[in-house]
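run00.csv follows (CSV, C-alpha atoms):
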chain,number,residue,atom,x,y,z
M,1,MET,CA,123.7,110.1,104.1
M,2,ILE,CA,121.4,107.7,102.1
M,3,THR,CA,121.8,104.0,102.0
M,4,VAL,CA,119.7,101.8,99.6
M,5,GLN,CA,118.7,98.2,99.6
M,6,THR,CA,116.7,96.6,96.8
M,7,ASN,CA,114.9,93.3,97.1
M,8,SER,CA,115.7,90.3,94.9
M,9,ASP,CA,113.1,91.0,92.2
M,10,GLY,CA,113.9,94.7,92.1
M,11,THR,CA,110.4,96.0,92.9
M,12,LEU,CA,110.9,97.1,96.6
M,13,ILE,CA,113.5,99.8,97.5
M,14,GLU,CA,114.3,100.4,101.1
M,15,VAL,CA,116.1,103.7,101.8
M,16,GLU,CA,117.7,104.8,105.1
M,17,LEU,CA,118.3,108.4,105.8
M,18,SER,CA,120.8,109.5,108.5
M,19,GLY,CA,122.9,112.5,109.3
M,20,GLU,CA,122.6,115.4,106.8
M,21,VAL,CA,121.4,114.3,103.3
M,22,THR,CA,123.1,116.1,100.4
M,23,SER,CA,122.4,116.4,96.7
M,24,ALA,CA,125.3,114.1,96.1
M,25,ASP,CA,123.4,111.4,98.1
M,26,TYR,CA,120.5,111.7,95.6
M,27,THR,CA,122.7,111.9,92.5
M,28,ASN,CA,125.1,109.1,93.4
M,29,THR,CA,122.9,106.7,95.4
M,30,LEU,CA,119.1,107.1,95.4
M,31,VAL,CA,118.4,108.2,91.8
M,32,PRO,CA,120.5,105.4,90.2
M,33,ALA,CA,118.8,102.8,92.3
M,34,ILE,CA,115.3,104.0,91.4
M,35,GLU,CA,116.1,104.3,87.7
M,36,ALA,CA,117.7,100.9,87.6
M,37,ALA,CA,114.5,99.4,89.2
M,38,LEU,CA,112.2,101.3,86.8
M,39,ALA,CA,114.2,100.1,83.8
M,40,ASP,CA,113.0,96.6,84.5
M,41,HIS,CA,109.6,97.3,86.1
M,42,ASP,CA,106.6,99.5,85.4
M,43,SER,CA,106.5,100.6,89.1
M,44,VAL,CA,108.4,100.2,92.4
M,45,ARG,CA,107.6,100.5,96.0
M,46,LEU,CA,109.7,102.8,98.2
M,47,LEU,CA,110.2,102.5,102.0
M,48,ALA,CA,112.0,105.4,103.5
M,49,ILE,CA,113.4,104.9,107.0
M,50,VAL,CA,114.3,108.2,108.7
M,51,THR,CA,116.6,107.3,111.5
M,52,PRO,CA,116.8,109.3,114.8
M,53,GLU,CA,120.2,110.5,113.6
M,54,PHE,CA,118.7,112.3,110.6
M,55,LYS,CA,119.5,116.0,110.7
M,56,GLY,CA,117.7,117.1,107.6
M,57,TYR,CA,118.5,118.2,104.0
M,58,ASP,CA,120.9,120.8,102.7
M,59,LEU,CA,119.4,123.1,100.1
M,60,GLY,CA,120.8,121.0,97.2
M,61,ALA,CA,119.2,117.9,98.6
M,62,ALA,CA,115.8,119.6,99.0
M,63,TRP,CA,115.9,120.6,95.3
M,64,SER,CA,117.0,117.1,94.4
M,65,ASP,CA,114.1,115.6,96.4
M,66,THR,CA,111.7,117.8,94.4
M,67,LYS,CA,113.2,116.9,91.1
M,68,LEU,CA,113.0,113.2,92.0
M,69,GLY,CA,109.3,113.4,92.7
M,70,LEU,CA,108.5,115.4,89.6
M,71,SER,CA,110.5,113.1,87.3
M,72,HIS,CA,109.6,109.7,88.8
M,73,TRP,CA,106.2,110.0,90.5
M,74,ARG,CA,104.5,107.9,87.9
M,75,GLY,CA,106.8,105.0,88.8
M,76,PHE,CA,105.9,104.7,92.5
M,77,ASP,CA,103.3,102.1,93.3
M,78,ARG,CA,103.4,102.6,97.1
M,79,ILE,CA,105.4,104.8,99.5
M,80,GLY,CA,106.0,104.0,103.2
M,81,VAL,CA,107.8,106.4,105.6
M,82,VAL,CA,109.1,105.2,109.0
M,83,ALA,CA,110.0,108.1,111.3
M,84,ASP,CA,109.6,109.3,114.9
M,85,GLN,CA,110.2,112.9,114.1
M,86,GLY,CA,106.9,114.8,114.3
M,87,TRP,CA,107.8,117.3,111.6
M,88,VAL,CA,108.6,114.4,109.2
M,89,GLN,CA,105.4,112.6,109.9
M,90,THR,CA,103.3,115.8,109.5
M,91,SER,CA,105.0,116.7,106.3
M,92,ILE,CA,104.3,113.3,104.7
M,93,ARG,CA,100.7,113.3,105.8
M,94,LEU,CA,100.2,116.8,104.3
M,95,ALA,CA,101.7,115.7,101.0
M,96,ALA,CA,100.0,112.3,100.8
M,97,PRO,CA,96.6,113.5,99.4
M,98,ILE,CA,98.3,115.0,96.3
M,99,LEU,CA,100.5,112.0,95.6
M,100,PRO,CA,99.3,109.5,92.9
M,101,CYS,CA,99.9,106.4,95.0
M,102,PRO,CA,99.1,105.1,98.5
M,103,VAL,CA,101.3,106.6,101.3
M,104,GLN,CA,101.5,105.4,104.8
M,105,VAL,CA,103.5,106.8,107.8
M,106,PHE,CA,104.8,104.5,110.6
M,107,SER,CA,106.8,105.0,113.8
M,108,MET,CA,110.2,103.4,114.2
M,109,GLU,CA,108.7,100.7,116.5
M,110,GLU,CA,106.4,99.8,113.6
M,111,LEU,CA,109.2,99.1,111.2
M,112,GLU,CA,108.3,95.5,110.7
M,113,ALA,CA,104.7,96.4,110.2
M,114,ALA,CA,105.8,98.9,107.6
M,115,ARG,CA,107.8,96.2,105.7
M,116,ARG,CA,104.8,93.9,105.8
M,117,TRP,CA,102.6,96.7,104.4
M,118,MET,CA,105.1,97.2,101.6
M,119,ARG,CA,105.0,93.5,100.6
M,120,GLU,CA,101.3,92.8,100.9
M,121,SER,CA,98.5,93.6,98.5
M,122,LEU,CA,96.0,96.2,99.7
M,123,GLY,CA,93.1,94.7,97.7
M,124,SER,CA,91.9,91.7,95.8
M,125,ILE,CA,89.7,90.7,92.9
M,126,HIS,CA,87.3,87.8,93.0
M,127,VAL,CA,85.9,86.3,89.8
M,128,THR,CA,82.7,84.2,90.4
M,129,ASP,CA,80.6,82.1,88.0
M,130,LEU,CA,77.0,83.0,88.6
M,131,SER,CA,75.8,80.2,86.3
M,132,GLY,CA,74.7,80.5,82.8
M,133,PRO,CA,76.2,83.4,81.0
M,134,CYS,CA,76.6,85.5,84.2
M,135,VAL,CA,79.9,86.4,85.8
M,136,GLN,CA,80.6,88.5,88.8
M,137,ILE,CA,83.8,90.4,89.4
M,138,SER,CA,84.2,91.8,92.9
M,139,LEU,CA,86.8,94.5,93.5
M,140,LEU,CA,87.9,94.8,97.1
M,141,GLY,CA,90.1,97.3,98.8
M,142,LYS,CA,92.8,99.3,96.9
M,143,LEU,CA,94.1,97.3,93.9
M,144,ASP,CA,97.6,97.0,92.6
M,145,PRO,CA,98.7,95.6,89.2
M,146,ASP,CA,99.6,92.1,90.5
M,147,GLU,CA,95.9,91.5,91.5
M,148,TYR,CA,94.9,92.0,87.9
M,149,LYS,CA,97.3,89.4,86.6
M,150,GLN,CA,95.5,86.6,88.6
M,151,ALA,CA,92.1,88.0,87.8
M,152,GLN,CA,92.9,87.9,84.1
M,153,SER,CA,93.9,84.3,84.4
M,154,ASP,CA,90.7,83.4,86.3
M,155,LEU,CA,88.5,85.3,83.9
M,156,ASP,CA,90.1,83.7,80.8
M,157,ALA,CA,89.6,80.2,82.3
M,158,LEU,CA,85.9,80.9,83.2
M,159,LEU,CA,85.0,82.4,79.8
M,160,SER,CA,86.8,79.7,77.8
M,161,GLY,CA,83.6,77.6,77.6
M,162,LYS,CA,81.2,80.5,76.9
M,163,GLU,CA,80.2,82.1,73.6
M,164,GLY,CA,79.2,85.3,75.4
M,165,PHE,CA,78.8,86.6,79.0
M,166,ARG,CA,77.0,89.1,81.2
M,167,LEU,CA,79.0,90.9,83.8
M,168,LEU,CA,78.2,92.0,87.3
M,169,ILE,CA,80.8,94.5,88.6
M,170,ASP,CA,80.7,94.6,92.4
M,171,LEU,CA,82.2,97.8,93.7
M,172,ARG,CA,80.6,97.8,97.1
M,173,GLU,CA,84.0,97.4,98.9
M,174,PHE,CA,86.2,99.0,96.3
M,175,ASP,CA,88.6,101.8,97.4
M,176,GLY,CA,90.3,102.6,94.2
M,177,TRP,CA,93.6,101.9,92.5
M,178,GLN,CA,97.2,102.0,93.7
M,179,GLY,CA,98.6,104.4,91.1
M,180,LEU,CA,98.2,104.7,87.4
M,181,THR,CA,99.7,101.3,86.5
M,182,ALA,CA,96.8,99.5,88.4
M,183,LEU,CA,94.3,101.7,86.6
M,184,ALA,CA,95.8,100.8,83.3
M,185,ALA,CA,95.7,97.1,84.2
M,186,HIS,CA,92.0,97.5,85.0
M,187,PHE,CA,91.3,98.6,81.4
M,188,ARG,CA,93.5,95.9,79.9
M,189,LEU,CA,91.4,93.3,81.8
M,190,ALA,CA,88.2,94.6,80.5
M,191,ALA,CA,89.4,95.3,76.9
M,192,GLY,CA,90.3,91.6,76.3
M,193,HIS,CA,86.7,90.5,76.6
M,194,ILE,CA,84.5,93.4,75.4
M,195,GLY,CA,83.5,91.6,72.2
M,196,MET,CA,81.9,88.8,74.2
M,197,LEU,CA,80.0,91.1,76.6
M,198,ASP,CA,76.2,91.1,76.3
M,199,ARG,CA,75.2,93.4,79.2
M,200,ALA,CA,76.8,94.7,82.4
M,201,ALA,CA,75.5,95.7,85.8
M,202,ILE,CA,77.5,98.0,88.2
M,203,VAL,CA,76.8,97.8,91.9
M,204,GLY,CA,78.0,100.4,94.4
M,205,ASP,CA,77.1,103.4,96.4
M,206,LYS,CA,79.6,106.1,95.3
M,207,ALA,CA,78.6,108.9,92.9
M,208,TRP,CA,81.5,108.2,90.6
M,209,GLN,CA,80.4,104.6,90.2
M,210,LYS,CA,77.0,105.7,88.9
M,211,LEU,CA,78.8,108.0,86.5
M,212,ALA,CA,81.0,105.1,85.4
M,213,GLN,CA,78.0,103.1,84.4
M,214,ARG,CA,76.9,105.9,82.0
M,215,THR,CA,80.4,106.1,80.6
M,216,ALA,CA,80.7,102.3,80.3
M,217,SER,CA,77.5,102.2,78.3
M,218,HIS,CA,79.0,104.4,75.6
M,219,LEU,CA,82.4,102.8,75.6
M,220,LEU,CA,81.3,99.2,75.7
M,221,GLY,CA,78.4,99.6,73.2
M,222,THR,CA,76.2,97.3,75.2
M,223,ARG,CA,73.4,97.6,77.8
M,224,THR,CA,74.6,98.6,81.3
M,225,GLN,CA,72.7,99.5,84.4
M,226,TYR,CA,73.6,100.9,87.9
M,227,PHE,CA,72.3,99.4,91.1
M,228,PRO,CA,72.8,100.6,94.7
M,229,SER,CA,74.6,98.2,97.0
M,230,ALA,CA,71.4,97.1,98.7
M,231,GLU,CA,70.0,96.0,95.4
M,232,ILE,CA,72.7,93.5,94.4
M,233,GLU,CA,70.2,90.7,94.1
M,234,SER,CA,68.1,92.8,91.7
M,235,ALA,CA,71.3,93.3,89.6
M,236,LYS,CA,71.7,89.6,89.4
M,237,THR,CA,68.1,89.1,88.4
M,238,TRP,CA,68.4,91.8,85.7
M,239,LEU,CA,71.5,90.1,84.3
M,240,ALA,CA,69.9,86.7,84.1
M,241,ALA,CA,66.7,88.0,82.5
M,242,GLY,CA,66.1,88.0,78.8

Here is the file; what I need is its structure written in the form of structure tokens.
Amino acid sequence: MITVQTNSDGTLIEVELSGEVTSADYTNTLVPAIEAALADHDSVRLLAIVTPEFKGYDLGAAWSDTKLGLSHWRGFDRIGVVADQGWVQTSIRLAAPILPCPVQVFSMEELEAARRWMRESLGSIHVTDLSGPCVQISLLGKLDPDEYKQAQSDLDALLSGKEGFRLLIDLREFDGWQGLTALAAHFRLAAGHIGMLDRAAIVGDKAWQKLAQRTASHLLGTRTQYFPSAEIESAKTWLAAG
């Protein structure tokens, strides 16, 4: 059996699994709840609570579970699974690396911690005025789309009095994006101000970040340069020069 609760704004779905789960449980309960939430939101967060009474899936439910993932995986922003069964925890951990969103496994005694994890942001964006034309954007942790909304507002306010700007992108503590909607929000944030950008410095230590600098140079049509984390002050000096 599957029971579903959706929070007041429709972005968090809590699912409880007990007894034997059938394909009818998916068809009549879970899929309608997810599709109703996705009709109003780009993405949703799913918390699955596997009770001690859970006996497993019948064959129809197993196929329904596969179809649900294939047809809706782009819509999941974060997935949490609460279970004490070792086989459930192991299965989720094996699947997590190939899923396009953060996945976390909790024991039943960690249920409230799981609910907190579902509600909170895993990352943050800080917009800092470095004086003159220079602006620093620091990406911390793993970002979700909501963080970009506030960053957009902060950046708009900071640039309202400038004719152009130079950007330092600080990726020293950046762990990536929570799904494709967050990645899309990242490009929307940048796209709104490309015409004002004079030059950009990218600071980080990961190989893909150095590659991103080369790609950004072509896409932005402006001077960009990569600096290792230890040289962040050199990056600021390079931005302010000239």

#### Entry: Ref. answer, residues at most 12 Å from (74.1, 91.8, 88.0) with only C-alpha atoms, as a count of residues only
42

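For the pair atom CA of Glu147 of chain M and atom CA of Gly123 of chain M, the separation is 7.5 Å.
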
### Summary
Counting all atoms listed in the file, closest pick from M:Arg115, M:Arg45, M:Arg78, M:His193 relative to Val103 of chain M is M:Arg78

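Among M:Ser43, M:Val50, M:Gly141, M:Glu16, the residue with the shortest atom-to-atom distance to Gly176 of chain M, counting all atoms listed in the file, is M:Gly141.
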
#### Entry: Pairwise distance for atom CA of Asp146 of chain M and atom CA of Trp117 of chain M, rounded to one decimal in Å
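Separation of atom CA of Asp146 of chain M and atom CA of Trp117 of chain M: 14.9 Å.
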
### Task
Return the single residue from M:Thr6, M:Gly164, M:Ile49, M:Ser153 that is closest to Ala33 of chain M, with distances computed using all atoms listed in the file.
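Residue with the minimum atom-to-atom distance to Ala33 of chain M: M:Thr6.
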
### Message
Just the number, please: distance in Å from atom CA of Met196 of chain M to atom CA of Glu173 of chain M, one decimal.
### Response
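These atoms are spaced 26.2 Å apart.
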
### Message
Taking only C-alpha atoms into account, name the residue in M:Leu99, M:Leu38, M:Met1, M:Met118 that is nearest to Tyr26 of chain M.
### Response
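Looking at the shortest contact to Tyr26 of chain M, the residue is M:Met1.
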
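Minimum distance to Glu20 of chain M across M:Gln5, M:Ser124, M:Gln85, M:Thr51 (counting only C-alpha atoms) occurs at M:Thr51.
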
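Comparing the minimum interatomic distances between Thr27 of chain M and each of M:Ile194, M:Val105, M:Ala95, M:Ile2, counting only C-alpha atoms, we find that M:Ile2 sits nearest.
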
Using only C-alpha atoms, which protein or nucleic acid residues come within 7 Å of Gly80 of chain M? Drop anything in the same chain fewer than 4 positions from it, and give the result as a short mmCIF file (atom, residue, chain, number, x, y, z; two decimals) with C-alpha atoms, in the frame of the given file.
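Produced file selection14.cif, reproduced below:
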data_model
loop_
_atom_site.label_atom_id
_atom_site.label_comp_id
_atom_site.auth_asym_id
_atom_site.auth_seq_id
_atom_site.Cartn_x
_atom_site.Cartn_y
_atom_site.Cartn_z
CA LEU M 46 109.70 102.80 98.20
CA LEU M 47 110.20 102.50 102.00
CA ALA M 48 112.00 105.40 103.50
CA VAL M 103 101.30 106.60 101.30
CA GLN M 104 101.50 105.40 104.80
CA VAL M 105 103.50 106.80 107.80
CA ALA M 114 105.80 98.90 107.60
#
